[in-house]
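Novice: Please find one structure pasted underneath; my questions will follow.
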Amino acid sequence: MSTGAPLALLLEMVISLACLSWITASILRAGKRMAAVQRRRYQLNRGRKELAQTSEVLRRDIYRQEIELRQTEEAISVRQAEAADLQSRLNDLRRQGPREYTLLNERFGDRDQLWLLTIPKPERPECWAVAASDSGTAMALLSGHVAAVERPVLDGQLN
């Protein structure tokens, strides 16, 4: 059995080396996995920090834009109030100023006269000059030509 002892010793050494190399490979694989986990954790932490910074920047931008929006809304409401005031002043000036008459038709007969009619409206009354023989005919002509909610009012006549 003396010849079998070196063979058994050689076999033990080969098995020991195989076990040692398997253990070394396992340790290396575990080290690689741990390194990969550390890299991934670092990437996630960096991404979380970037996300926090981005969300903070967005939060500040939203706050700034909300302030600008409120200021713009206030400016618009002021402008709308000014526009309404100016419109009412313009309507008052139109009502108080000289009237401008629009000639409905240009036909004049022998007995026709020029009748001055007004259709009252809140912003500015519409003034019409209608050639007709009498005021009823003038109102009928104007009512047939202009679709108005209110009935025309007779302002006078020109000969």
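Convention: chains lettered A, B, ... in structure tokens order; per-chain residue numbering from 1; ligands numbered from 1 as shown.
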Give the strand (DSSP E) residues of chain A, as DSSP finds them on the backbone, and put them as a list of chain:residue names.

Specialist: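 DSSP on the backbone gives strand (DSSP E) at A:Tyr101, A:Thr102, A:Leu103, A:Gln113, A:Leu114, A:Trp115, A:Leu116, A:Leu117, A:Thr118, A:Ile119, A:Glu126, A:Cys127, A:Trp128, A:Ala129, A:Val130, A:Ala131, A:Ala132, A:Val153, A:Leu154, A:Asp155, A:Gly156, A:Gln157, A:Leu158.
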
Novice: For range 125-130 of chain A, work out the shell of residues within 7 Å, counting only C-alpha atoms and skipping chain neighbours fewer than 3 positions away, then give it as a ChimeraX atom specification.

Specialist: /A:99-105,114-121,138

Novice: Residues of chain A classed as helix (DSSP H, G or I) by DSSP on the backbone are to be reported as a ChimeraX atom specification.

Specialist: /A:4-96,135-145

Novice: In Å to one decimal, how far is CA of Pro152 in chain A from CA of Thr137 in chain A?

Specialist: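 Taking CA of Thr137 in chain A and CA of Pro152 in chain A, their separation equals 12.0 Å.
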
Novice: Kindly give the distance, in Å, that separates CA of Leu158 in chain A and CA of Leu142 in chain A, rounded to a single decimal.

Specialist: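 Atom-to-atom, CA of Leu158 in chain A to CA of Leu142 in chain A, that is 16.5 Å.
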